file data18.cif (mmCIF, C-alpha atoms and all ligand atoms)
data_structure
loop_
_atom_site.label_atom_id
_atom_site.label_comp_id
_atom_site.auth_asym_id
_atom_site.auth_seq_id
_atom_site.Cartn_x
_atom_site.Cartn_y
_atom_site.Cartn_z
CA MET A 28 117.34 114.42 144.00
CA THR A 29 115.93 112.15 141.33
CA THR A 30 115.25 108.49 142.02
CA ALA A 31 118.20 106.16 141.39
CA ILE A 32 118.29 103.03 139.25
CA HIS A 33 121.28 100.71 139.71
CA LEU A 34 122.20 98.34 136.90
CA VAL A 35 123.35 94.75 137.02
CA LYS A 36 127.12 94.47 136.63
CA GLY A 37 128.11 94.64 132.94
CA ARG A 38 124.76 96.02 131.79
CA GLU A 39 126.11 99.57 131.50
CA LYS A 40 127.83 98.72 128.20
CA SER A 41 124.99 99.81 125.88
CA LEU A 42 124.56 103.08 127.78
CA ARG A 43 128.26 103.78 127.40
CA ARG A 44 127.64 103.51 123.65
CA GLN A 45 124.77 105.99 124.16
CA HIS A 46 122.03 103.53 123.25
CA PRO A 47 118.91 105.02 124.87
CA TRP A 48 117.21 101.95 126.40
CA VAL A 49 117.54 100.11 129.73
CA PHE A 50 115.74 96.76 129.77
CA SER A 51 114.02 95.45 132.91
CA GLY A 52 116.49 92.54 133.16
CA GLY A 53 119.42 94.95 133.36
CA ILE A 54 118.21 96.56 136.58
CA GLN A 55 119.68 95.46 139.92
CA LYS A 56 117.69 97.76 142.19
CA VAL A 57 115.39 100.76 142.15
CA LYS A 58 115.86 103.24 145.01
CA GLY A 59 112.56 104.88 145.88
CA LYS A 60 109.22 104.45 144.10
CA PRO A 61 109.34 106.34 140.81
CA ALA A 62 105.95 107.13 139.29
CA LEU A 63 104.93 106.39 135.69
CA GLY A 64 107.25 108.39 133.42
CA GLU A 65 109.18 110.03 136.28
CA THR A 66 112.74 111.17 135.57
CA VAL A 67 115.35 108.88 137.17
CA ASP A 68 119.15 108.76 137.34
CA VAL A 69 120.85 105.56 136.15
CA PHE A 70 124.03 104.26 137.82
CA SER A 71 126.39 101.40 137.01
CA ALA A 72 126.76 98.50 139.48
CA ASP A 73 129.81 100.26 140.96
CA GLY A 74 127.91 103.49 141.53
CA GLN A 75 128.99 105.63 138.55
CA TRP A 76 126.41 108.05 137.15
CA LEU A 77 125.57 107.02 133.56
CA ALA A 78 122.47 108.76 132.32
CA ARG A 79 119.11 110.33 133.14
CA GLY A 80 115.88 108.97 131.72
CA ALA A 81 112.19 108.26 132.12
CA TYR A 82 110.94 105.33 134.19
CA SER A 83 108.36 103.06 132.63
CA PRO A 84 107.29 100.43 135.20
CA ASN A 85 105.00 98.49 132.84
CA SER A 86 107.33 98.17 129.86
CA GLN A 87 110.20 95.77 129.17
CA ILE A 88 112.08 98.93 128.17
CA ARG A 89 112.12 100.13 131.76
CA VAL A 90 114.08 103.37 131.26
CA ARG A 91 114.37 105.52 128.13
CA ILE A 92 117.30 107.92 128.32
CA TRP A 93 116.77 111.65 127.92
CA THR A 94 120.39 112.71 128.46
CA PHE A 95 123.92 111.41 129.03
CA ASN A 96 124.95 114.79 130.48
CA GLN A 97 124.73 114.91 134.29
CA ASP A 98 124.29 118.70 134.29
CA GLU A 99 121.25 118.60 132.02
CA ALA A 100 117.85 118.92 133.73
CA ILE A 101 114.74 117.60 131.95
CA ASP A 102 112.68 120.76 131.68
CA GLU A 103 111.26 123.12 129.06
CA ALA A 104 114.74 124.41 128.16
CA PHE A 105 115.92 120.83 127.53
CA PHE A 106 113.09 120.27 125.03
CA ILE A 107 113.79 123.63 123.37
CA ARG A 108 117.44 122.60 122.84
CA ARG A 109 116.49 119.19 121.38
CA ILE A 110 113.83 120.71 119.10
CA GLU A 111 116.16 123.43 117.82
CA GLN A 112 118.80 120.80 117.06
CA ALA A 113 116.32 118.64 115.15
CA ARG A 114 115.09 121.69 113.33
CA GLN A 115 118.50 122.41 111.78
CA LEU A 116 118.37 119.24 109.67
CA ARG A 117 114.71 119.84 108.73
CA ASN A 118 115.34 123.44 107.69
CA MET A 119 118.05 122.20 105.35
CA LEU A 120 115.74 119.55 103.87
CA ALA A 121 112.75 121.89 103.67
CA ALA A 122 114.79 124.35 101.60
CA ARG A 123 116.28 121.57 99.44
CA ASP A 124 113.04 119.70 98.65
CA GLY A 125 110.46 122.48 98.98
CA LEU A 126 108.79 120.96 102.04
CA THR A 127 105.94 122.43 104.03
CA GLY A 128 105.37 119.08 105.74
CA TYR A 129 108.06 117.01 107.42
CA ARG A 130 108.92 114.92 110.49
CA LEU A 131 110.35 117.37 112.99
CA ILE A 132 111.13 114.86 115.74
CA ALA A 133 111.87 111.21 114.99
CA ALA A 134 111.84 109.96 118.59
CA GLU A 135 115.02 108.12 119.67
CA SER A 136 116.75 109.22 116.45
CA ASP A 137 116.41 112.87 117.56
CA LEU A 138 117.31 111.99 121.17
CA LEU A 139 113.71 112.32 122.34
CA PRO A 140 112.61 108.73 123.03
CA GLY A 141 108.93 108.01 122.54
CA ILE A 142 108.18 111.38 120.92
CA THR A 143 107.17 111.74 117.29
CA ILE A 144 106.27 115.17 115.93
CA ASP A 145 105.20 115.87 112.36
CA LYS A 146 104.77 119.38 111.01
CA TYR A 147 102.07 119.95 108.42
CA ASP A 148 102.10 123.60 107.39
CA ASN A 149 101.25 125.42 110.65
CA PHE A 150 100.10 122.34 112.56
CA LEU A 151 102.40 120.30 114.77
CA VAL A 152 101.08 116.78 115.38
CA CYS A 153 102.49 114.88 118.37
CA GLN A 154 102.49 111.19 119.12
CA LEU A 155 103.58 110.41 122.67
CA LEU A 156 104.40 106.70 122.72
CA SER A 157 106.06 106.15 126.10
CA ALA A 158 105.37 106.88 129.78
CA GLY A 159 108.22 109.41 129.82
CA ALA A 160 106.96 111.22 126.74
CA ASP A 161 103.47 111.34 128.22
CA ALA A 162 104.72 112.70 131.56
CA GLN A 163 106.60 115.51 129.76
CA ARG A 164 103.60 116.68 127.72
CA ASP A 165 103.44 120.15 129.38
CA ASN A 166 107.17 120.85 128.99
CA LEU A 167 107.05 119.65 125.41
CA VAL A 168 104.06 121.83 124.49
CA ALA A 169 105.67 124.86 126.14
CA ALA A 170 108.89 124.22 124.18
CA LEU A 171 107.00 123.81 120.89
CA ARG A 172 105.11 127.05 121.50
CA HIS A 173 108.43 128.78 122.14
CA CYS A 174 110.06 127.40 118.97
CA PHE A 175 106.99 127.64 116.70
CA PRO A 176 104.81 130.49 118.03
CA GLU A 177 102.79 130.51 114.78
CA CYS A 178 101.77 126.83 115.04
CA SER A 179 98.81 125.02 116.52
CA ILE A 180 99.57 121.75 118.29
CA TYR A 181 97.47 118.57 118.04
CA GLU A 182 97.95 115.21 119.75
CA ARG A 183 97.43 111.89 117.93
CA SER A 184 98.43 109.45 120.65
CA ASP A 185 95.86 106.90 119.45
CA VAL A 186 98.36 104.08 119.09
CA SER A 187 98.18 100.61 120.62
CA VAL A 188 101.81 100.60 121.86
CA ARG A 189 100.74 102.98 124.63
CA LYS A 190 99.05 100.02 126.32
CA LYS A 191 102.45 98.40 126.98
CA GLU A 192 103.39 101.61 128.80
CA GLY A 193 100.24 101.64 130.94
CA LEU A 194 98.78 104.59 129.02
CA LYS A 195 95.38 105.19 127.44
CA GLN A 196 94.97 106.40 123.87
CA VAL A 197 94.35 110.16 123.63
CA THR A 198 93.78 112.70 120.88
CA GLY A 199 92.93 116.41 120.83
CA VAL A 200 94.08 120.00 120.57
CA LEU A 201 97.05 120.82 122.85
CA HIS A 202 97.32 124.44 121.75
CA GLY A 203 95.65 126.76 119.22
CA GLU A 204 93.15 125.69 116.62
CA GLU A 205 91.39 122.42 115.77
CA PRO A 206 92.89 121.26 112.43
CA PRO A 207 90.59 121.56 109.40
CA ALA A 208 89.62 118.35 107.53
CA ARG A 209 92.35 119.04 104.96
CA VAL A 210 95.66 120.77 105.67
CA MET A 211 97.61 121.28 102.45
CA ILE A 212 101.34 120.54 102.38
CA GLU A 213 103.83 120.51 99.55
CA GLU A 214 106.84 118.27 98.85
CA ASN A 215 108.98 118.21 95.71
CA GLY A 216 106.42 120.41 93.98
CA VAL A 217 103.51 118.05 94.75
CA LYS A 218 100.53 119.29 96.78
CA ILE A 219 99.04 116.87 99.29
CA ALA A 220 96.00 117.18 101.56
CA VAL A 221 96.53 115.80 105.06
CA ASP A 222 93.71 114.73 107.39
CA ILE A 223 95.35 115.33 110.77
CA THR A 224 92.50 114.20 112.99
CA GLY A 225 91.29 111.17 111.00
CA GLY A 226 94.14 110.05 108.72
CA HIS A 227 96.53 107.15 109.31
CA LYS A 228 99.29 107.75 111.89
CA THR A 229 99.61 111.56 112.16
CA GLY A 230 97.87 111.98 108.80
CA PHE A 231 100.42 111.15 106.12
CA TYR A 232 103.33 108.80 105.25
CA LEU A 233 106.11 111.36 105.16
CA ASP A 234 108.72 108.60 105.34
CA GLN A 235 108.23 107.57 101.70
CA ARG A 236 108.88 111.06 100.28
CA ASP A 237 112.39 110.36 98.97
CA SER A 238 111.28 107.06 97.42
CA ARG A 239 108.31 108.79 95.79
CA GLU A 240 110.64 111.33 94.22
CA ALA A 241 113.05 108.56 93.14
CA ALA A 242 110.13 106.79 91.42
CA VAL A 243 109.55 109.70 89.03
CA LYS A 244 112.40 108.67 86.71
CA TYR A 245 110.88 105.24 86.04
CA VAL A 246 107.41 106.26 84.86
CA ASP A 247 107.60 108.54 81.81
CA GLY A 248 105.04 107.32 79.27
CA LYS A 249 104.41 104.17 81.31
CA ARG A 250 101.33 102.30 82.55
CA VAL A 251 101.68 102.29 86.35
CA LEU A 252 99.92 100.23 89.02
CA ASN A 253 100.18 101.92 92.43
CA CYS A 254 99.28 99.34 95.10
CA PHE A 255 98.42 100.53 98.64
CA CYS A 256 98.12 104.11 97.40
CA TYR A 257 96.65 105.75 100.56
CA THR A 258 96.01 109.42 99.61
CA GLY A 259 97.77 109.19 96.24
CA GLY A 260 101.42 109.21 97.29
CA PHE A 261 103.42 107.49 94.54
CA GLY A 262 100.53 107.92 92.11
CA LEU A 263 100.75 111.72 92.31
CA TYR A 264 104.48 111.57 91.63
CA ALA A 265 103.83 109.18 88.73
CA LEU A 266 101.49 111.77 87.20
CA LYS A 267 104.13 114.43 87.83
CA GLY A 268 106.59 112.13 86.00
CA ASN A 269 104.27 111.96 82.98
CA ALA A 270 103.00 108.39 83.32
CA SER A 271 100.48 107.55 80.59
CA GLU A 272 98.11 105.85 83.04
CA VAL A 273 98.10 105.35 86.83
CA ILE A 274 95.83 102.87 88.60
CA ASN A 275 95.75 103.60 92.34
CA VAL A 276 94.51 100.85 94.66
CA ASP A 277 93.56 100.95 98.34
CA VAL A 278 90.92 99.45 100.65
CA SER A 279 90.22 102.78 102.34
CA GLU A 280 87.49 104.82 100.63
CA PRO A 281 88.33 108.09 102.48
CA ALA A 282 91.98 107.68 101.42
CA LEU A 283 90.92 107.18 97.78
CA GLU A 284 88.67 110.25 97.93
CA THR A 285 91.62 112.32 99.14
CA ALA A 286 93.81 110.74 96.45
CA ARG A 287 91.35 111.94 93.80
CA PHE A 288 91.18 115.38 95.45
CA ASN A 289 95.00 115.54 95.45
CA ALA A 290 95.28 114.66 91.77
CA GLU A 291 92.86 117.50 91.00
CA ALA A 292 94.57 119.95 93.37
CA ASN A 293 97.80 119.43 91.42
CA GLY A 294 96.07 120.05 88.11
CA PHE A 295 96.88 116.56 86.80
CA ASP A 296 94.85 115.04 83.96
CA LEU A 297 92.23 112.92 85.76
CA ASN A 298 91.66 110.92 82.58
CA LYS A 299 95.03 109.32 83.21
CA ALA A 300 94.21 108.29 86.81
CA GLN A 301 91.97 105.59 88.23
CA PHE A 302 91.15 105.07 91.90
CA VAL A 303 90.16 101.53 92.71
CA ASN A 304 88.73 100.36 96.02
CA ALA A 305 89.99 96.78 96.27
CA ASP A 306 92.03 94.33 98.27
CA VAL A 307 95.46 94.32 96.59
CA PHE A 308 95.98 90.57 97.13
CA GLN A 309 92.72 89.78 95.33
CA LEU A 310 93.08 92.40 92.61
CA LEU A 311 96.58 91.21 91.65
CA ARG A 312 95.25 87.67 91.20
CA ASP A 313 92.38 88.98 89.08
CA TYR A 314 94.79 90.99 86.92
CA ARG A 315 97.06 87.97 86.51
CA ASP A 316 94.16 85.72 85.57
CA ARG A 317 92.84 88.32 83.08
CA GLY A 318 96.31 88.85 81.59
CA GLU A 319 96.52 92.58 82.49
CA GLN A 320 100.04 93.94 82.16
CA PHE A 321 101.88 96.96 83.51
CA ASP A 322 105.18 98.72 82.84
CA VAL A 323 105.66 99.71 86.49
CA VAL A 324 104.22 98.19 89.66
CA ILE A 325 104.59 100.01 93.00
CA MET A 326 104.19 97.89 96.10
CA ASP A 327 104.07 99.84 99.37
CA PRO A 328 102.10 97.70 101.83
CA PRO A 329 101.41 98.47 105.50
CA LYS A 330 103.62 96.92 108.17
CA PHE A 331 103.10 93.12 108.03
CA ALA A 332 105.20 92.27 111.13
CA GLU A 333 104.48 94.02 114.43
CA SER A 334 106.41 91.49 116.52
CA LYS A 335 109.00 88.75 116.05
CA ASN A 336 106.44 85.96 116.07
CA GLN A 337 104.67 87.59 113.12
CA LEU A 338 107.82 87.73 111.01
CA GLN A 339 107.37 84.37 109.27
CA GLY A 340 103.83 85.17 108.21
CA ALA A 341 105.01 88.59 107.07
CA CYS A 342 107.68 87.01 104.87
CA ARG A 343 105.01 84.89 103.17
CA GLY A 344 102.85 87.99 102.63
CA TYR A 345 105.72 89.97 101.09
CA LYS A 346 106.70 87.05 98.87
CA ASP A 347 103.14 86.53 97.71
CA ILE A 348 102.43 90.12 96.64
CA ASN A 349 105.84 90.59 95.02
CA MET A 350 105.44 87.35 93.08
CA LEU A 351 102.05 88.50 91.83
CA ALA A 352 103.48 91.93 90.97
CA MET A 353 106.22 90.36 88.83
CA GLN A 354 103.69 88.13 87.10
CA ILE A 355 101.76 91.15 85.81
CA LEU A 356 104.85 93.13 84.78
CA LYS A 357 105.72 93.33 81.10
CA PRO A 358 109.20 91.93 80.28
CA GLY A 359 111.62 94.76 81.07
CA GLY A 360 109.15 96.34 83.49
CA THR A 361 110.04 97.96 86.80
CA LEU A 362 109.04 96.80 90.27
CA LEU A 363 109.29 99.41 93.03
CA THR A 364 108.86 97.49 96.26
CA TYR A 365 109.11 98.46 99.93
CA SER A 366 108.92 97.06 103.43
CA CYS A 367 108.34 99.26 106.47
CA SER A 368 108.61 96.36 108.96
CA GLY A 369 111.61 97.22 111.14
CA LEU A 370 111.98 93.53 112.05
CA MET A 371 112.66 92.66 108.42
CA ASP A 372 116.20 93.68 107.58
CA ALA A 373 117.25 94.72 104.08
CA ASN A 374 119.07 91.43 103.37
CA LEU A 375 116.05 89.34 104.29
CA PHE A 376 113.81 91.55 102.18
CA GLN A 377 116.20 91.12 99.24
CA LYS A 378 116.03 87.31 99.66
CA ILE A 379 112.24 87.46 99.68
CA ILE A 380 112.22 89.39 96.41
CA ALA A 381 114.63 86.82 94.97
CA ASP A 382 112.31 83.97 96.03
CA ALA A 383 109.32 85.84 94.61
CA ALA A 384 111.13 86.16 91.25
CA LEU A 385 111.85 82.41 91.19
CA ASP A 386 108.22 81.59 91.96
CA ALA A 387 107.03 84.04 89.32
CA GLY A 388 109.33 82.42 86.77
CA ARG A 389 111.07 85.77 86.21
CA ARG A 390 114.48 87.34 86.81
CA ALA A 391 114.78 90.44 88.93
CA GLN A 392 117.82 92.70 88.63
CA PHE A 393 118.23 95.04 91.58
CA ILE A 394 118.96 98.48 90.15
CA GLU A 395 118.36 100.86 93.07
CA ARG A 396 117.99 100.73 96.85
CA PHE A 397 115.76 102.97 98.92
CA SER A 398 115.54 104.01 102.54
CA GLN A 399 113.33 106.21 104.71
CA ALA A 400 113.26 109.92 103.84
CA ALA A 401 115.99 112.14 105.26
CA ASP A 402 113.70 113.73 107.86
CA HIS A 403 113.51 110.22 109.38
CA PRO A 404 117.22 109.83 110.16
CA PHE A 405 118.59 107.04 112.31
CA ASP A 406 121.14 107.88 114.94
CA SER A 407 124.53 106.17 115.05
CA ALA A 408 123.77 105.03 118.62
CA TYR A 409 120.34 103.69 117.64
CA PRO A 410 120.44 101.46 114.53
CA GLU A 411 116.87 100.30 115.28
CA GLY A 412 115.81 103.64 113.83
CA PHE A 413 116.36 102.21 110.33
CA TYR A 414 113.10 100.48 109.37
CA LEU A 415 112.08 101.36 105.84
CA LYS A 416 113.78 99.78 102.86
CA GLY A 417 112.98 99.23 99.24
CA PHE A 418 114.30 98.22 95.86
CA ALA A 419 113.83 99.10 92.24
CA CYS A 420 114.02 95.93 90.19
CA HIS A 421 114.26 95.54 86.45
CA VAL A 422 112.13 92.46 85.86
CA ILE A 423 112.95 90.34 82.81
N1 LIG A 501 102.10 104.50 99.52
C1 LIG A 501 101.42 105.35 100.44
C2 LIG A 501 101.36 104.79 101.84
C3 LIG A 501 100.78 103.40 101.96
S1 LIG A 501 100.24 102.99 103.56
C4 LIG A 501 102.05 106.75 100.40
O1 LIG A 501 103.07 106.96 99.70
O2 LIG A 501 101.52 107.65 101.06
C5 LIG A 501 99.42 101.48 103.33
C6 LIG A 501 98.02 101.58 102.74
O3 LIG A 501 97.59 100.25 102.49
C7 LIG A 501 96.93 102.19 103.61
O4 LIG A 501 96.35 103.27 102.92
C8 LIG A 501 95.88 101.07 103.80
O5 LIG A 501 94.56 101.55 103.73
C9 LIG A 501 96.18 100.17 102.62
N2 LIG A 501 95.85 98.75 102.73
C10 LIG A 501 96.08 97.92 103.78
N3 LIG A 501 95.74 96.65 103.45
C11 LIG A 501 95.30 96.67 102.17
C12 LIG A 501 94.86 95.66 101.25
N4 LIG A 501 94.81 94.38 101.61
N5 LIG A 501 94.51 96.05 100.00
C13 LIG A 501 94.57 97.35 99.64
N6 LIG A 501 95.01 98.34 100.45
C14 LIG A 501 95.36 98.00 101.70
#
call {"tool": "encode", "arguments": {"input": "data18.cif", "output": "structure tokens"}}
result
Amino acid sequence: MTTAIHLVKGREKSLRRQHPWVFSGGIQKVKGKPALGETVDVFSADGQWLARGAYSPNSQIRVRIWTFNQDEAIDEAFFIRRIEQARQLRNMLAARDGLTGYRLIAAESDLLPGITIDKYDNFLVCQLLSAGADAQRDNLVAALRHCFPECSIYERSDVSVRKKEGLKQVTGVLHGEEPPARVMIEENGVKIAVDITGGHKTGFYLDQRDSREAAVKYVDGKRVLNCFCYTGGFGLYALKGNASEVINVDVSEPALETARFNAEANGFDLNKAQFVNADVFQLLRDYRDRGEQFDVVIMDPPKFAESKNQLQGACRGYKDINMLAMQILKPGGTLLTYSCSGLMDANLFQKIIADAALDAGRRAQFIERFSQAADHPFDSAYPEGFYLKGFACHVI
């Protein structure tokens, strides 16, 4: 018998729509003393079984649902079923886009709350973000070994959100070999080195893949400024798309070194590429003041808003850099701009770009919309899974 959670009357509605979270305020009583991450059964106020999930006593999201099927136990076989299901979509995408690196499990969106797994060649990299995910580590590793016997498994749970769950940050090998400093992956014909142990997140920003590929059609023969380039990303695709010059900017020296390595690994002409270690905010002002001009500016900043009270400041930040970007665009140039802050919805982001255009004294025509890559789906029951949006703007 698993421990029972009884909800406040009326609070079963979101579970009936298969949304995977139970908030602390929705709980009437907890029968027993479930441990951190323990599997619990959730009942409505009138005693109907609703779902089975993981208990997280320190988080406002008190239960994250594993299953809405009463017959389904949370064991190795459960994780094998979920992984195999997620794998179907990824196999399709891997064949379509020539991928040897992709997000295998996108947490709630693949019905595995708190679990992110990226596959880079033969390395699986796990981020366990919640108490439930952490408690299921052994089942998860066993399931991954069953589904991917050829793969090594590495954990990158060095993320601050674990604190809210009462968990420490951990990293290390879970199975097989220690990853080398550079694991090579390929996407859309572009080779990319991934630093699994030391890179950002699990090593690479897989979520921008589709937007990188969409950028190729805007750059032929153009002078491109790639802001927040990380390990090359959009800049590599710009070279693939025959840009005449690509200036890549980031504050991280190791990322820039890898960006240079990646450009070489793809056999691109290094005379066309520059790698600049600078603060984008400062550099854009310098360019504006010096009268530098570009045909295409790519603006892919890190997340500016981590919580609701940071949203206003984030809006100012987005407006500022997009205004500066438009000021250094030639008339008829293209702005490719993105926001990965989930709290900023696409309409608000569009308004910010509109304000930035006004302040820059320019007109922006929205010509294309972007979203997170297809291996980062969002589930119909979990709209929060949509976080990454972007626009191509023709700037007059
Ligand atoms: N476009 C990349 C991902 C960008 S991630 C891709 O396609 O892979 C955001 C990057 O912004 C990180 O590499 C981080 O080092 C860099 N960064 C953060 N703040 C910065 C700043 N003020 N100036 C320049 N780079 C910055």
call {"tool": "residues_near_ligand", "arguments": {"input": "data18.cif", "ligand": "ligand LIG 501 (chain A)", "cutoff": "7 Å", "atoms": "all atoms listed in the file", "output": "JSON, numbers by chain"}}
result
{"A": [231, 232, 235, 239, 254, 255, 256, 257, 258, 259, 260, 261, 276, 277, 278, 279, 282, 305, 306, 307, 308, 327, 328, 329]}
call {"tool": "write_last_selection", "arguments": {"input": "data18.cif", "atoms": "C-alpha atoms", "output": "short mmCIF file (atom, residue, chain, number, x, y, z; two decimals), in the coordinates of the input"}}
result
data_model
loop_
_atom_site.label_atom_id
_atom_site.label_comp_id
_atom_site.auth_asym_id
_atom_site.auth_seq_id
_atom_site.Cartn_x
_atom_site.Cartn_y
_atom_site.Cartn_z
CA PHE A 231 100.42 111.15 106.12
CA TYR A 232 103.33 108.80 105.25
CA GLN A 235 108.23 107.57 101.70
CA ARG A 239 108.31 108.79 95.79
CA CYS A 254 99.28 99.34 95.10
CA PHE A 255 98.42 100.53 98.64
CA CYS A 256 98.12 104.11 97.40
CA TYR A 257 96.65 105.75 100.56
CA THR A 258 96.01 109.42 99.61
CA GLY A 259 97.77 109.19 96.24
CA GLY A 260 101.42 109.21 97.29
CA PHE A 261 103.42 107.49 94.54
CA VAL A 276 94.51 100.85 94.66
CA ASP A 277 93.56 100.95 98.34
CA VAL A 278 90.92 99.45 100.65
CA SER A 279 90.22 102.78 102.34
CA ALA A 282 91.98 107.68 101.42
CA ALA A 305 89.99 96.78 96.27
CA ASP A 306 92.03 94.33 98.27
CA VAL A 307 95.46 94.32 96.59
CA PHE A 308 95.98 90.57 97.13
CA ASP A 327 104.07 99.84 99.37
CA PRO A 328 102.10 97.70 101.83
CA PRO A 329 101.41 98.47 105.50
#
call {"tool": "residues_around", "arguments": {"input": "data18.cif", "residues": "Glu395 in chain A", "least_positions_apart": "3", "cutoff": "9 Å", "atoms": "only C-alpha atoms", "output": "JSON, numbers by chain"}}
result
{"A": [417, 418, 419, 420]}
call {"tool": "atom_distance", "arguments": {"input": "data18.cif", "atom1": "CA of Ser51 in chain A", "atom2": "CA of Ser86 in chain A"}}
result
7.8 Å
call {"tool": "residues_around", "arguments": {"input": "data18.cif", "residues": "Arg109 in chain A", "least_positions_apart": "5", "cutoff": "8 Å", "atoms": "only C-alpha atoms", "output": "PyMOL selection string"}}
result
chain A and resi 137-139
call {"tool": "atom_distance", "arguments": {"input": "data18.cif", "atom1": "CA of Ala290 in chain A", "atom2": "CA of Leu266 in chain A"}}
result
8.2 Å
call {"tool": "residues_around", "arguments": {"input": "data18.cif", "residues": "Arg164 in chain A", "least_positions_apart": "5", "cutoff": "10 Å", "atoms": "only C-alpha atoms", "output": "PDB file with C-alpha atoms, keeping the file's coordinate frame"}}
result
ATOM      1  CA  ILE A 142     108.180 111.380 120.920  1.00  0.00           C
ATOM      2  CA  CYS A 153     102.490 114.880 118.370  1.00  0.00           C
ATOM      3  CA  LEU A 155     103.580 110.410 122.670  1.00  0.00           C
ATOM      4  CA  GLY A 159     108.220 109.410 129.820  1.00  0.00           C
ATOM      5  CA  ALA A 169     105.670 124.860 126.140  1.00  0.00           C
ATOM      6  CA  ALA A 170     108.890 124.220 124.180  1.00  0.00           C
ATOM      7  CA  GLU A 182      97.950 115.210 119.750  1.00  0.00           C
ATOM      8  CA  LEU A 201      97.050 120.820 122.850  1.00  0.00           C
TER       9      LEU A 201
END
call {"tool": "atom_distance", "arguments": {"input": "data18.cif", "atom1": "CA of Phe288 in chain A", "atom2": "CA of Gln320 in chain A"}}
result
26.7 Å
call {"tool": "closest_residue", "arguments": {"input": "data18.cif", "among": "A:Val251, A:Lys228, A:Ser238, A:Gly344", "to": "Lys299 in chain A", "atoms": "all atoms listed in the file"}}
result
A:Val251
call {"tool": "residues_around", "arguments": {"input": "data18.cif", "residues": "Glu319 in chain A", "least_positions_apart": "5", "cutoff": "9 Å", "atoms": "all atoms listed in the file", "output": "VMD selection string"}}
result
chain A and resid 313 to 314 355 to 356
call {"tool": "residues_around", "arguments": {"input": "data18.cif", "residues": "Pro281 in chain A", "least_positions_apart": "5", "cutoff": "12 Å", "atoms": "all atoms listed in the file", "output": "list in words"}}
result
Ala208, Arg209, Ala220, Val221, Asp222, Gly225, Gly226, His227, Cys256, Tyr257, Thr258, Gly259, Ala286, Arg287, Phe288, Phe302, Val303 and Asn304 of chain A
call {"tool": "closest_residue", "arguments": {"input": "data18.cif", "among": "A:Tyr264, A:Lys40, A:Ala133, A:Gln377", "to": "Ala241 in chain A", "atoms": "only C-alpha atoms"}}
result
A:Tyr264
call {"tool": "residues_near_point", "arguments": {"input": "data18.cif", "point": "(119.7, 108.1, 133.6)", "cutoff": "10 Å", "atoms": "only C-alpha atoms", "output": "PyMOL selection string"}}
result
chain A and resi 29-33+42+47-49+66-70+76-82+90-97
call {"tool": "build_atoms", "arguments": {"input": "data18.cif", "residues": "range 150-161 of chain A", "atoms": "N, CA and C atoms", "output": "PDB file, in the coordinates of the input"}}
result
ATOM      1  N   PHE A 150     100.587 123.257 111.524  1.00  0.00           N
ATOM      2  CA  PHE A 150     100.100 122.340 112.560  1.00  0.00           C
ATOM      3  C   PHE A 150     101.205 121.372 112.958  1.00  0.00           C
ATOM      4  N   LEU A 151     101.461 121.285 114.243  1.00  0.00           N
ATOM      5  CA  LEU A 151     102.400 120.300 114.770  1.00  0.00           C
ATOM      6  C   LEU A 151     101.561 119.158 115.341  1.00  0.00           C
ATOM      7  N   VAL A 152     101.862 117.928 114.918  1.00  0.00           N
ATOM      8  CA  VAL A 152     101.080 116.780 115.380  1.00  0.00           C
ATOM      9  C   VAL A 152     101.993 115.865 116.182  1.00  0.00           C
ATOM     10  N   CYS A 153     101.636 115.649 117.448  1.00  0.00           N
ATOM     11  CA  CYS A 153     102.490 114.880 118.370  1.00  0.00           C
ATOM     12  C   CYS A 153     101.932 113.496 118.613  1.00  0.00           C
ATOM     13  N   GLN A 154     102.837 112.531 118.637  1.00  0.00           N
ATOM     14  CA  GLN A 154     102.490 111.190 119.120  1.00  0.00           C
ATOM     15  C   GLN A 154     103.401 110.897 120.294  1.00  0.00           C
ATOM     16  N   LEU A 155     102.796 110.696 121.463  1.00  0.00           N
ATOM     17  CA  LEU A 155     103.580 110.410 122.670  1.00  0.00           C
ATOM     18  C   LEU A 155     103.424 108.917 122.962  1.00  0.00           C
ATOM     19  N   LEU A 156     104.503 108.158 122.747  1.00  0.00           N
ATOM     20  CA  LEU A 156     104.400 106.700 122.720  1.00  0.00           C
ATOM     21  C   LEU A 156     104.816 106.041 124.024  1.00  0.00           C
ATOM     22  N   SER A 157     105.520 106.771 124.891  1.00  0.00           N
ATOM     23  CA  SER A 157     106.060 106.150 126.100  1.00  0.00           C
ATOM     24  C   SER A 157     105.612 106.918 127.344  1.00  0.00           C
ATOM     25  N   ALA A 158     105.777 106.260 128.513  1.00  0.00           N
ATOM     26  CA  ALA A 158     105.370 106.880 129.780  1.00  0.00           C
ATOM     27  C   ALA A 158     106.122 108.197 129.991  1.00  0.00           C
ATOM     28  N   GLY A 159     107.416 108.205 129.635  1.00  0.00           N
ATOM     29  CA  GLY A 159     108.220 109.410 129.820  1.00  0.00           C
ATOM     30  C   GLY A 159     107.746 110.544 128.932  1.00  0.00           C
ATOM     31  N   ALA A 160     107.456 110.213 127.680  1.00  0.00           N
ATOM     32  CA  ALA A 160     106.960 111.220 126.740  1.00  0.00           C
ATOM     33  C   ALA A 160     105.646 111.796 127.263  1.00  0.00           C
ATOM     34  N   ASP A 161     104.785 110.909 127.729  1.00  0.00           N
ATOM     35  CA  ASP A 161     103.470 111.340 128.220  1.00  0.00           C
ATOM     36  C   ASP A 161     103.611 112.259 129.442  1.00  0.00           C
TER      37      ASP A 161
END
